[in-house]
>>> print(open('query.csv').read())   # CSV, C-alpha atoms
chain,number,residue,atom,x,y,z
V,1,MET,CA,271.6,49.2,78.9
V,2,PRO,CA,268.9,46.5,79.0
V,3,GLN,CA,265.3,47.7,78.7
V,4,ALA,CA,262.0,46.9,80.3
V,5,LEU,CA,258.5,47.8,79.3
V,6,THR,CA,256.1,49.1,82.0
V,7,ILE,CA,252.9,51.0,82.3
V,8,LYS,CA,253.0,54.7,83.4
V,9,LYS,CA,250.7,55.8,86.2
V,10,ILE,CA,248.4,58.7,85.3
V,11,ASP,CA,245.2,59.9,86.9
V,12,GLY,CA,241.9,58.2,86.0
V,13,LYS,CA,239.2,55.9,87.2
V,14,PRO,CA,239.2,52.2,86.6
V,15,GLY,CA,237.7,51.4,83.3
V,16,LYS,CA,238.1,55.0,82.1
V,17,VAL,CA,241.9,55.3,82.4
V,18,TRP,CA,244.3,54.0,79.7
V,19,TYR,CA,247.8,53.7,81.2
V,20,PRO,CA,250.5,54.7,78.6
V,21,LEU,CA,253.4,52.4,77.9
V,22,GLN,CA,256.9,53.4,78.8
V,23,ILE,CA,260.5,52.1,78.3
V,24,LYS,CA,262.9,52.1,81.2
V,25,GLU,CA,266.6,51.3,81.2
V,26,VAL,CA,267.4,48.8,83.9
V,27,PRO,CA,270.6,47.1,85.1
V,28,LYS,CA,271.4,43.7,83.8
V,29,PRO,CA,270.4,41.3,86.7
V,30,ALA,CA,272.5,38.5,88.0
V,31,PRO,CA,271.2,35.2,89.2
V,32,GLY,CA,271.4,34.2,92.9
V,33,PRO,CA,271.4,30.7,94.3
V,34,ASN,CA,268.9,28.4,92.5
V,35,GLU,CA,268.1,31.1,90.0
V,36,VAL,CA,268.7,31.5,86.3
V,37,LEU,CA,269.3,34.5,84.1
V,38,VAL,CA,267.2,34.3,80.9
V,39,ARG,CA,267.8,36.4,77.8
V,40,LEU,CA,264.3,36.9,76.5
V,41,HIS,CA,263.7,36.5,72.7
V,42,ALA,CA,260.0,37.0,72.5
V,43,ALA,CA,257.0,37.9,74.8
V,44,ALA,CA,253.2,37.8,74.2
V,45,LEU,CA,250.2,39.8,75.2
V,46,ASN,CA,247.1,38.5,77.0
V,47,HIS,CA,243.7,40.1,77.8
V,48,ARG,CA,245.0,40.5,81.3
V,49,ASP,CA,247.4,43.1,80.0
V,50,PHE,CA,244.5,44.9,78.3
V,51,PHE,CA,242.6,45.0,81.6
V,52,ILE,CA,245.7,46.2,83.5
V,53,ARG,CA,246.1,49.2,81.3
V,54,GLN,CA,242.5,50.1,82.2
V,55,HIS,CA,243.1,49.4,86.0
V,56,LEU,CA,240.5,46.6,85.8
V,57,TYR,CA,242.8,44.0,87.3
V,58,PRO,CA,243.8,43.8,91.0
V,59,GLY,CA,247.3,44.0,92.5
V,60,ILE,CA,249.0,45.8,89.6
V,61,SER,CA,252.5,47.4,89.7
V,62,PHE,CA,253.7,50.4,87.7
V,63,GLU,CA,257.4,49.5,88.5
V,64,HIS,CA,257.5,45.8,87.4
V,65,PRO,CA,257.8,44.9,83.7
V,66,MET,CA,254.7,43.9,81.8
V,67,LEU,CA,253.6,40.5,80.3
V,68,ALA,CA,253.4,36.9,81.5
V,69,ASP,CA,254.4,35.0,78.4
V,70,GLY,CA,258.1,34.6,77.5
V,71,TYR,CA,260.6,32.5,75.7
V,72,GLY,CA,264.4,32.9,75.9
V,73,THR,CA,267.8,31.3,76.5
V,74,VAL,CA,269.3,30.7,79.9
V,75,GLU,CA,272.5,32.8,79.8
V,76,ALA,CA,273.7,32.2,83.4
V,77,ALA,CA,272.8,30.1,86.4
V,78,GLY,CA,273.4,30.6,90.1
V,79,ALA,CA,274.7,28.0,92.5
V,80,GLY,CA,272.4,25.0,92.7
V,81,ALA,CA,270.4,25.9,89.6
V,82,GLY,CA,271.7,22.9,87.6
V,83,SER,CA,273.0,22.7,84.1
V,84,LEU,CA,270.6,24.9,82.3
V,85,VAL,CA,272.9,27.4,80.6
V,86,GLY,CA,272.3,27.5,76.9
V,87,GLN,CA,268.9,25.9,77.2
V,88,ARG,CA,266.0,27.4,75.3
V,89,VAL,CA,263.1,27.8,77.8
V,90,VAL,CA,259.5,28.9,78.3
V,91,LEU,CA,258.7,30.7,81.6
V,92,THR,CA,256.0,29.8,84.0
V,93,PRO,CA,253.4,32.6,83.8
V,94,CYS,CA,252.4,32.6,87.4
V,95,ARG,CA,253.7,32.0,91.0
V,96,GLY,CA,252.4,30.4,94.1
V,97,TRP,CA,250.5,27.3,92.9
V,98,ALA,CA,252.5,24.1,93.0
V,99,ALA,CA,250.3,21.2,92.3
V,100,SER,CA,246.9,21.2,94.0
V,101,PRO,CA,244.1,20.3,91.6
V,102,ASP,CA,241.7,22.5,93.6
V,103,GLY,CA,243.5,25.8,93.4
V,104,PRO,CA,246.5,27.7,94.7
V,105,GLU,CA,247.7,26.2,98.0
V,106,ASP,CA,247.8,29.8,99.5
V,107,ALA,CA,245.5,32.0,97.5
V,108,ALA,CA,247.0,35.2,99.0
V,109,ALA,CA,250.4,34.3,97.6
V,110,PHE,CA,249.2,33.4,94.1
V,111,THR,CA,249.9,35.9,91.3
V,112,VAL,CA,250.2,36.0,87.5
V,113,VAL,CA,253.5,37.4,86.3
V,114,GLY,CA,253.8,40.8,84.7
V,115,SER,CA,252.9,44.3,86.1
V,116,ALA,CA,252.2,42.4,89.4
V,117,ALA,CA,252.7,43.7,92.9
V,118,LEU,CA,253.6,40.3,94.2
V,119,THR,CA,256.5,39.5,91.9
V,120,PRO,CA,259.1,41.6,90.0
V,121,ALA,CA,259.1,39.1,87.2
V,122,GLY,CA,257.7,40.1,83.8
V,123,THR,CA,258.6,39.1,80.3
V,124,ALA,CA,258.5,42.5,78.6
V,125,GLN,CA,262.2,43.1,79.2
V,126,ASP,CA,265.6,42.0,77.8
V,127,TYR,CA,266.7,39.9,80.8
V,128,VAL,CA,264.8,38.3,83.7
V,129,VAL,CA,266.0,36.4,86.7
V,130,VAL,CA,263.7,33.6,87.9
V,131,PRO,CA,263.9,30.5,90.1
V,132,ALA,CA,265.3,27.6,88.1
V,133,THR,CA,262.2,25.7,88.9
V,134,GLU,CA,260.0,28.2,87.0
V,135,VAL,CA,261.3,27.4,83.5
V,136,GLU,CA,260.6,24.4,81.2
V,137,PRO,CA,262.6,23.4,78.2
V,138,ALA,CA,260.9,24.8,75.1
V,139,PRO,CA,259.5,22.2,72.7
V,140,PRO,CA,262.2,22.2,70.0
V,141,HIS,CA,259.7,22.2,67.1
V,142,LEU,CA,258.4,25.7,68.1
V,143,SER,CA,259.7,29.0,66.7
V,144,ALA,CA,260.5,31.8,69.1
V,145,HIS,CA,257.2,33.5,68.5
V,146,GLU,CA,255.2,30.3,68.9
V,147,ALA,CA,257.0,29.4,72.1
V,148,ALA,CA,256.3,32.9,73.5
V,149,ALA,CA,252.6,32.4,72.6
V,150,LEU,CA,252.3,29.2,74.6
V,151,PRO,CA,252.6,29.7,78.4
V,152,LEU,CA,249.5,31.5,79.8
V,153,VAL,CA,246.8,30.5,77.2
V,154,GLY,CA,248.3,27.0,77.1
V,155,LEU,CA,248.2,26.6,80.9
V,156,THR,CA,244.7,28.1,81.1
V,157,GLY,CA,243.3,26.0,78.3
V,158,TRP,CA,244.9,22.8,79.6
V,159,ARG,CA,243.4,23.1,83.0
V,160,ALA,CA,240.0,24.2,81.6
V,161,LEU,CA,239.9,21.2,79.2
V,162,VAL,CA,241.9,18.4,81.0
V,163,THR,CA,241.5,19.0,84.7
V,164,LYS,CA,238.0,20.4,84.6
V,165,ALA,CA,236.1,19.4,81.4
V,166,LEU,CA,237.7,15.9,81.1
V,167,ARG,CA,238.2,15.4,84.8
V,168,GLY,CA,241.8,14.4,84.1
V,169,ARG,CA,240.8,11.5,81.8
V,170,VAL,CA,242.9,12.2,78.8
V,171,ASP,CA,243.2,8.5,77.8
V,172,ASP,CA,239.5,8.1,77.0
V,173,ALA,CA,238.9,11.6,75.5
V,174,ALA,CA,238.7,10.4,71.9
V,175,GLY,CA,235.3,10.6,70.4
V,176,ARG,CA,233.9,13.1,73.0
V,177,ASN,CA,232.0,16.1,71.7
V,178,VAL,CA,233.4,19.4,73.0
V,179,LEU,CA,232.1,22.9,72.3
V,180,VAL,CA,234.7,25.7,72.5
V,181,THR,CA,233.2,29.2,72.5
V,182,GLY,CA,234.7,32.4,71.1
V,183,ILE,CA,237.3,30.8,68.8
V,184,GLY,CA,240.1,33.2,67.9
V,185,GLY,CA,241.2,34.0,71.4
V,186,GLY,CA,244.4,32.3,72.6
V,187,VAL,CA,242.8,30.1,75.3
V,188,ALA,CA,240.0,29.0,73.0
V,189,LEU,CA,242.5,28.1,70.2
V,190,SER,CA,244.7,26.2,72.7
V,191,VAL,CA,241.6,24.2,73.9
V,192,LEU,CA,240.7,23.4,70.2
V,193,GLN,CA,244.3,22.2,69.5
V,194,PHE,CA,244.6,20.1,72.6
V,195,ALA,CA,241.2,18.5,72.3
V,196,ALA,CA,241.6,17.8,68.6
V,197,ALA,CA,245.0,16.2,69.3
V,198,MET,CA,243.2,13.9,71.9
V,199,GLY,CA,240.7,12.8,69.3
V,200,CYS,CA,237.8,14.8,70.5
V,201,ASN,CA,235.1,16.1,68.1
V,202,VAL,CA,235.5,19.9,68.6
V,203,PHE,CA,232.9,22.4,67.7
V,204,VAL,CA,233.4,26.1,67.9
V,205,THR,CA,231.5,29.4,68.0
V,206,SER,CA,232.5,32.8,66.7
V,207,GLY,CA,230.9,36.0,65.4
V,208,ASP,CA,233.3,36.0,62.5
V,209,LEU,CA,232.8,33.4,59.6
V,210,ALA,CA,236.4,33.7,58.6
V,211,LYS,CA,237.5,32.6,62.1
V,212,LEU,CA,235.2,29.6,61.9
V,213,GLU,CA,236.8,28.5,58.6
V,214,ARG,CA,240.3,28.9,60.1
V,215,ALA,CA,239.2,26.9,63.1
V,216,ARG,CA,238.1,24.1,60.8
V,217,ARG,CA,241.6,24.1,59.2
V,218,LEU,CA,243.0,23.7,62.7
V,219,GLY,CA,241.0,20.6,63.4
V,220,ALA,CA,237.5,21.7,64.4
V,221,ALA,CA,234.7,19.4,63.3
V,222,GLY,CA,232.4,22.3,62.7
V,223,GLY,CA,231.4,25.8,63.8
V,224,VAL,CA,228.5,28.2,64.1
V,225,SER,CA,228.1,31.9,64.3
V,226,TYR,CA,226.8,33.1,67.7
V,227,ARG,CA,225.3,36.0,65.8
V,228,GLU,CA,222.7,33.7,64.4
V,229,PRO,CA,219.6,33.7,66.7
V,230,ASP,CA,219.3,29.9,66.4
V,231,TRP,CA,222.9,29.0,66.6
V,232,ASP,CA,222.3,26.3,69.2
V,233,ARG,CA,219.9,24.5,66.8
V,234,LYS,CA,222.5,24.7,64.0
V,235,LEU,CA,225.0,23.3,66.3
V,236,ALA,CA,222.7,20.4,67.2
V,237,ALA,CA,222.5,19.6,63.5
V,238,LEU,CA,226.3,19.2,63.3
V,239,LEU,CA,226.7,16.7,66.1
V,240,PRO,CA,227.4,13.1,65.0
V,241,ARG,CA,224.3,10.8,64.8
V,242,SER,CA,226.2,8.2,66.8
V,243,ARG,CA,226.7,10.8,69.7
V,244,PRO,CA,224.1,13.5,69.3
V,245,TYR,CA,225.0,15.5,72.4
V,246,LEU,CA,227.8,17.5,74.0
V,247,ASP,CA,230.1,16.0,76.6
V,248,ALA,CA,231.6,19.3,77.6
V,249,VAL,CA,231.5,23.1,77.0
V,250,VAL,CA,234.7,25.1,77.5
V,251,ASP,CA,233.6,28.7,77.7
V,252,GLY,CA,235.2,32.1,78.2
V,253,ALA,CA,232.1,34.3,77.7
V,254,GLY,CA,229.4,33.4,80.2
V,255,GLY,CA,226.1,35.1,79.6
V,256,ASP,CA,223.4,32.6,78.3
V,257,ILE,CA,225.8,29.8,77.4
V,258,VAL,CA,224.0,27.3,79.7
V,259,ALA,CA,220.6,28.3,78.4
V,260,ARG,CA,221.8,27.9,74.8
V,261,THR,CA,223.4,24.5,75.3
V,262,VAL,CA,221.5,22.7,78.1
V,263,ARG,CA,219.3,20.7,75.8
V,264,LEU,CA,222.4,19.5,74.0
V,265,LEU,CA,224.4,18.5,77.1
V,266,ARG,CA,224.3,14.9,78.1
V,267,PRO,CA,223.5,14.0,81.7
V,268,GLY,CA,226.6,14.7,83.8
V,269,ALA,CA,228.2,16.9,81.2
V,270,VAL,CA,230.6,19.6,82.3
V,271,VAL,CA,230.5,23.3,81.6
V,272,SER,CA,234.1,24.6,82.2
V,273,VAL,CA,234.2,28.4,82.5
V,274,TYR,CA,237.5,30.3,82.4
V,275,GLY,CA,236.1,33.8,81.8
V,276,MET,CA,233.0,35.9,81.5
V,277,THR,CA,233.6,38.5,78.7
V,278,VAL,CA,229.9,39.0,78.2
V,279,GLY,CA,229.5,40.1,81.8
V,280,PRO,CA,230.3,39.1,85.4
V,281,ARG,CA,227.2,37.0,85.7
V,282,MET,CA,225.7,34.0,83.9
V,283,ASP,CA,222.4,32.1,84.0
V,284,TRP,CA,222.0,28.7,85.7
V,285,LEU,CA,218.9,26.8,84.8
V,286,MET,CA,216.9,24.2,86.8
V,287,GLN,CA,217.1,22.1,83.6
V,288,ALA,CA,220.9,21.9,84.1
V,289,VAL,CA,220.4,20.8,87.7
V,290,MET,CA,218.0,18.1,86.7
V,291,LYS,CA,220.5,16.8,84.1
V,292,ASN,CA,223.3,16.8,86.8
V,293,VAL,CA,225.4,19.2,84.7
V,294,ASP,CA,228.6,20.2,86.4
V,295,LEU,CA,229.5,23.9,86.3
V,296,ARG,CA,233.2,24.2,87.0
V,297,GLY,CA,235.1,27.5,87.3
V,298,THR,CA,238.7,27.6,86.4
V,299,THR,CA,241.5,30.1,86.0
V,300,MET,CA,245.3,29.7,85.1
V,301,GLY,CA,246.7,26.5,86.5
V,302,SER,CA,249.4,25.0,88.7
V,303,ARG,CA,253.1,24.5,88.1
V,304,ALA,CA,252.4,20.7,87.7
V,305,GLU,CA,249.8,21.4,85.1
V,306,PHE,CA,252.2,23.7,83.2
V,307,ARG,CA,254.7,20.9,83.1
V,308,ASP,CA,252.2,18.5,81.8
V,309,MET,CA,250.9,20.9,79.2
V,310,VAL,CA,254.4,21.7,77.8
V,311,ALA,CA,255.1,18.0,77.6
V,312,PHE,CA,251.9,17.3,75.7
V,313,VAL,CA,252.7,20.1,73.2
V,314,ARG,CA,256.2,18.6,72.8
V,315,GLU,CA,254.9,15.1,72.3
V,316,ARG,CA,252.1,16.0,69.9
V,317,ARG,CA,254.1,18.8,68.1
V,318,ILE,CA,251.3,21.3,68.6
V,319,ARG,CA,252.1,24.8,67.3
V,320,PRO,CA,250.4,27.7,69.1
V,321,VAL,CA,248.6,30.1,66.7
V,322,VAL,CA,250.3,33.5,66.3
V,323,SER,CA,248.2,36.3,64.9
V,324,ARG,CA,250.8,39.1,64.6
V,325,VAL,CA,254.3,40.0,65.6
V,326,VAL,CA,256.0,43.4,66.1
V,327,ARG,CA,259.7,43.9,66.7
V,328,GLY,CA,261.2,45.7,69.6
V,329,LEU,CA,260.2,46.5,73.2
V,330,ASP,CA,260.9,50.2,72.4
V,331,SER,CA,258.5,50.2,69.4
V,332,LEU,CA,255.8,51.7,71.5
V,333,ASP,CA,253.5,52.6,68.7
V,334,ALA,CA,253.7,49.1,67.2
V,335,VAL,CA,253.1,47.5,70.6
V,336,ASP,CA,250.1,49.9,71.1
V,337,GLY,CA,248.9,48.5,67.7
V,338,LEU,CA,248.7,45.0,69.2
V,339,PHE,CA,246.5,46.4,72.0
V,340,ASP,CA,244.3,48.0,69.3
V,341,ASP,CA,244.0,44.5,67.6
V,342,MET,CA,242.8,43.2,71.0
V,343,ARG,CA,240.4,46.0,71.6
V,344,ALA,CA,238.8,45.4,68.1
V,345,GLY,CA,238.9,41.6,68.4
V,346,ARG,CA,240.9,41.4,65.1
V,347,GLN,CA,243.3,38.8,66.3
V,348,PHE,CA,243.2,35.1,65.6
V,349,GLY,CA,245.8,33.7,68.0
V,350,LYS,CA,248.4,35.4,70.0
V,351,LEU,CA,250.0,38.9,69.7
V,352,VAL,CA,253.7,38.8,70.1
V,353,ILE,CA,256.6,41.2,70.6
V,354,ASP,CA,259.9,40.0,69.2
V,355,ILE,CA,262.6,41.1,71.6
V,356,SER,CA,265.8,39.5,70.3
V,357,SER,CA,265.1,36.6,67.9
V,358,ASP,CA,266.2,36.5,64.3
V,359,GLU,CA,262.7,35.7,63.0
V,360,ALA,CA,260.6,37.9,60.8
V,361,ALA,CA,257.9,40.1,62.3
V,362,GLY,CA,254.5,40.9,60.8
V,363,ASP,CA,251.2,39.1,60.2
V,364,ALA,CA,251.4,35.3,60.7
V,365,ALA,CA,250.5,33.4,57.5
V,366,PRO,CA,247.4,31.1,57.9
V,367,ALA,CA,248.3,27.4,58.0
V,368,ALA,CA,246.3,24.5,56.8
V,369,SER,CA,246.9,22.8,60.2
V,370,LYS,CA,248.9,23.4,63.3
V,371,LEU,CA,248.4,19.9,64.7
>>> encode(input="query.csv", output="structure tokens")
Amino acid sequence: MPQALTIKKIDGKPGKVWYPLQIKEVPKPAPGPNEVLVRLHAAALNHRDFFIRQHLYPGISFEHPMLADGYGTVEAAGAGAGSLVGQRVVLTPCRGWAASPDGPEDAAAFTVVGSAALTPAGTAQDYVVVPATEVEPAPPHLSAHEAAALPLVGLTGWRALVTKALRGRVDDAAGRNVLVTGIGGGVALSVLQFAAAMGCNVFVTSGDLAKLERARRLGAAGGVSYREPDWDRKLAALLPRSRPYLDAVVDGAGGDIVARTVRLLRPGAVVSVYGMTVGPRMDWLMQAVMKNVDLRGTTMGSRAEFRDMVAFVRERRIRPVVSRVVRGLDSLDAVDGLFDDMRAGRQFGKLVIDISSDEAAGDAAPAASKL
């Protein structure tokens, strides 16, 4: 029988509870009209899943399979679904957002996939049925694990960088100075790779010197440790003399990022914020107002942005960074170990579950460059 990985409901308050993982046997689904059946080969974790297990995320389901990131092969197609059988695909990690650059067309209908009340889809299972419009052909240069690592962080990073920080102007991105905070997380690494591929000068922060060095090997022009009390001054010293300012900051931490960078931001620069791991508030300074700095919030992205992101990855042959892989949905202790990595901040890149590929599991070997 096919299997699905879900969370088990137990008593506990949000932020205090830790929902256990459980495996369920489920019937093999069949595609209806305009749907495809995908045999999943690999799936990947996101911080959203970590928050779900603590009941710190809205609209969760204990019945629907976990995880938003998935890669697999189309095994069957319903009437009207086209000629996708045999195609290797990546799955759209959200539903209810077609193309608007402003946000979901109907906010009440938008949801991220996995343990979600609004959609039964989830990638932590052997098979999933999805609308044929919710898959993209996987870039052929990617391994199964790399392809599974791409969807959610790639989409989030693409919108944060391209739609928000660059205001859609990819063609003249070369030469711009972009700061990406918290390197090592999947979104930050995606932004680094995308921006470097566009010719931007990318600078990064981390509390781990080894992560800064790995980021340089991925194309970062330089990096500073945010544990240094004067890290903003050290960053200023790294900026090129011909362009001694930041054009954009792409941030997932919040906190004092504006106060730290405002003197480095050019007039009209953009601070694109996709998360606030430091806390649910951040400072906004009058100095930023006087410089016409644009603070732009962003989360996830549209189906159209997902298509554009996958096409860019295919064209530029970008390889998502994979930190560690475990094999088997039913290897609950091993999967819990991935969540332990996330809790401790040990990962550099994505944490992946191999479901049915023939690739080796384990720690990913560092590469000189993924670009």
>>> residues_near_point(input="query.csv", point="(235.3, 25.4, 59.7)", cutoff="12 Å", atoms="all atoms listed in the file", output="PyMOL selection string")
chain V and resi 183+192+202-206+208-225+238+368-369
>>> closest_atom_pairs(input="query.csv", of="region 119-204 of chain V", to="region 295-313 of chain V", cutoff="6 Å", atoms="all atoms listed in the file", output="JSON lines")
{"residue": "V:Leu155", "atom": "CA", "partner": "V:Phe306", "partner_atom": "CA", "distance": 5.4}
{"residue": "V:Thr156", "atom": "CA", "partner": "V:Met300", "partner_atom": "CA", "distance": 4.3}
{"residue": "V:Arg159", "atom": "CA", "partner": "V:Gly301", "partner_atom": "CA", "distance": 5.9}
>>> atom_distance(input="query.csv", atom1="CA of Tyr127 (chain V)", atom2="CA of Ala144 (chain V)")
15.5 Å
>>> closest_residue(input="query.csv", among="V:Gly328, V:Val26, V:Asp69, V:Glu63", to="Asp358 (chain V)", atoms="only C-alpha atoms")
V:Gly328
>>> closest_residue(input="query.csv", among="V:Ser356, V:Ser272, V:Gln125, V:Thr261", to="Lys28 (chain V)", atoms="only C-alpha atoms")
V:Gln125
>>> atom_distance(input="query.csv", atom1="CA of Cys200 (chain V)", atom2="CA of Val162 (chain V)")
11.8 Å
>>> atom_distance(input="query.csv", atom1="CA of Thr277 (chain V)", atom2="CA of Phe348 (chain V)")
16.6 Å
>>> residues_around(input="query.csv", residues="Pro27 (chain V)", least_positions_apart="2", cutoff="8 Å", atoms="only C-alpha atoms", output="ChimeraX atom specification")
/V:1-2,25,29
>>> write_last_selection(input="query.csv", atoms="C-alpha atoms", output="PDB file, keeping the file's coordinate frame")
ATOM      1  CA  MET V   1     271.600  49.200  78.900  1.00  0.00           C
ATOM      2  CA  PRO V   2     268.900  46.500  79.000  1.00  0.00           C
ATOM      3  CA  GLU V  25     266.600  51.300  81.200  1.00  0.00           C
ATOM      4  CA  PRO V  29     270.400  41.300  86.700  1.00  0.00           C
TER       5      PRO V  29
END
>>> residues_around(input="query.csv", residues="Met66 (chain V)", least_positions_apart="6", cutoff="9 Å", atoms="all atoms listed in the file", output="VMD selection string")
chain V and resid 4 to 7 45 49 113 to 116 121 to 125
>>> write_last_selection(input="query.csv", atoms="C-alpha atoms", output="PDB file, in the coordinates of the input")
ATOM      1  CA  ALA V   4     262.000  46.900  80.300  1.00  0.00           C
ATOM      2  CA  LEU V   5     258.500  47.800  79.300  1.00  0.00           C
ATOM      3  CA  THR V   6     256.100  49.100  82.000  1.00  0.00           C
ATOM      4  CA  ILE V   7     252.900  51.000  82.300  1.00  0.00           C
ATOM      5  CA  LEU V  45     250.200  39.800  75.200  1.00  0.00           C
ATOM      6  CA  ASP V  49     247.400  43.100  80.000  1.00  0.00           C
ATOM      7  CA  VAL V 113     253.500  37.400  86.300  1.00  0.00           C
ATOM      8  CA  GLY V 114     253.800  40.800  84.700  1.00  0.00           C
ATOM      9  CA  SER V 115     252.900  44.300  86.100  1.00  0.00           C
ATOM     10  CA  ALA V 116     252.200  42.400  89.400  1.00  0.00           C
ATOM     11  CA  ALA V 121     259.100  39.100  87.200  1.00  0.00           C
ATOM     12  CA  GLY V 122     257.700  40.100  83.800  1.00  0.00           C
ATOM     13  CA  THR V 123     258.600  39.100  80.300  1.00  0.00           C
ATOM     14  CA  ALA V 124     258.500  42.500  78.600  1.00  0.00           C
ATOM     15  CA  GLN V 125     262.200  43.100  79.200  1.00  0.00           C
TER      16      GLN V 125
END
>>> closest_residue(input="query.csv", among="V:Leu84, V:Gln22, V:Val249, V:Arg227", to="Ala165 (chain V)", atoms="all atoms listed in the file")
V:Val249
>>> residues_around(input="query.csv", residues="Met198 (chain V)", least_positions_apart="5", cutoff="10 Å", atoms="only C-alpha atoms", output="VMD selection string")
chain V and resid 170 to 176 192 to 193 316
>>> write_last_selection(input="query.csv", atoms="C-alpha atoms", output="mmCIF file, in the frame of the given file")
data_model
loop_
_atom_site.group_PDB
_atom_site.id
_atom_site.type_symbol
_atom_site.label_atom_id
_atom_site.label_comp_id
_atom_site.auth_asym_id
_atom_site.auth_seq_id
_atom_site.Cartn_x
_atom_site.Cartn_y
_atom_site.Cartn_z
ATOM 1 C CA VAL V 170 242.900 12.200 78.800
ATOM 2 C CA ASP V 171 243.200 8.500 77.800
ATOM 3 C CA ASP V 172 239.500 8.100 77.000
ATOM 4 C CA ALA V 173 238.900 11.600 75.500
ATOM 5 C CA ALA V 174 238.700 10.400 71.900
ATOM 6 C CA GLY V 175 235.300 10.600 70.400
ATOM 7 C CA ARG V 176 233.900 13.100 73.000
ATOM 8 C CA LEU V 192 240.700 23.400 70.200
ATOM 9 C CA GLN V 193 244.300 22.200 69.500
ATOM 10 C CA ARG V 316 252.100 16.000 69.900
#
>>> closest_residue(input="query.csv", among="V:Trp97, V:Tyr274, V:Tyr226, V:Phe50", to="Leu21 (chain V)", atoms="only C-alpha atoms")
V:Phe50
>>> closest_residue(input="query.csv", among="V:Ala44, V:Ala109, V:Val36, V:Ala81", to="Ile355 (chain V)", atoms="all atoms listed in the file")
V:Ala44
>>> residues_around(input="query.csv", residues="region 251-254 of chain V", least_positions_apart="3", cutoff="8 Å", atoms="only C-alpha atoms", output="list of chain:residue names")
V:Val180, V:Thr181, V:Gly182, V:Ala188, V:Ile257, V:Val271, V:Ser272, V:Val273, V:Tyr274, V:Gly275, V:Met276, V:Thr277, V:Val278, V:Gly279, V:Pro280, V:Arg281, V:Met282
>>> closest_residue(input="query.csv", among="V:Gly78, V:Arg53, V:Asp256, V:Ala43", to="Asp336 (chain V)", atoms="all atoms listed in the file")
V:Arg53
>>> residues_around(input="query.csv", residues="Arg324 (chain V)", least_positions_apart="2", cutoff="9 Å", atoms="all atoms listed in the file", output="list in words")
Val322, Val326, Leu338, Gln347, Phe348, Gly349, Lys350, Leu351, Val352, Ile353, Ala361, Gly362, Asp363 and Ala364 of chain V
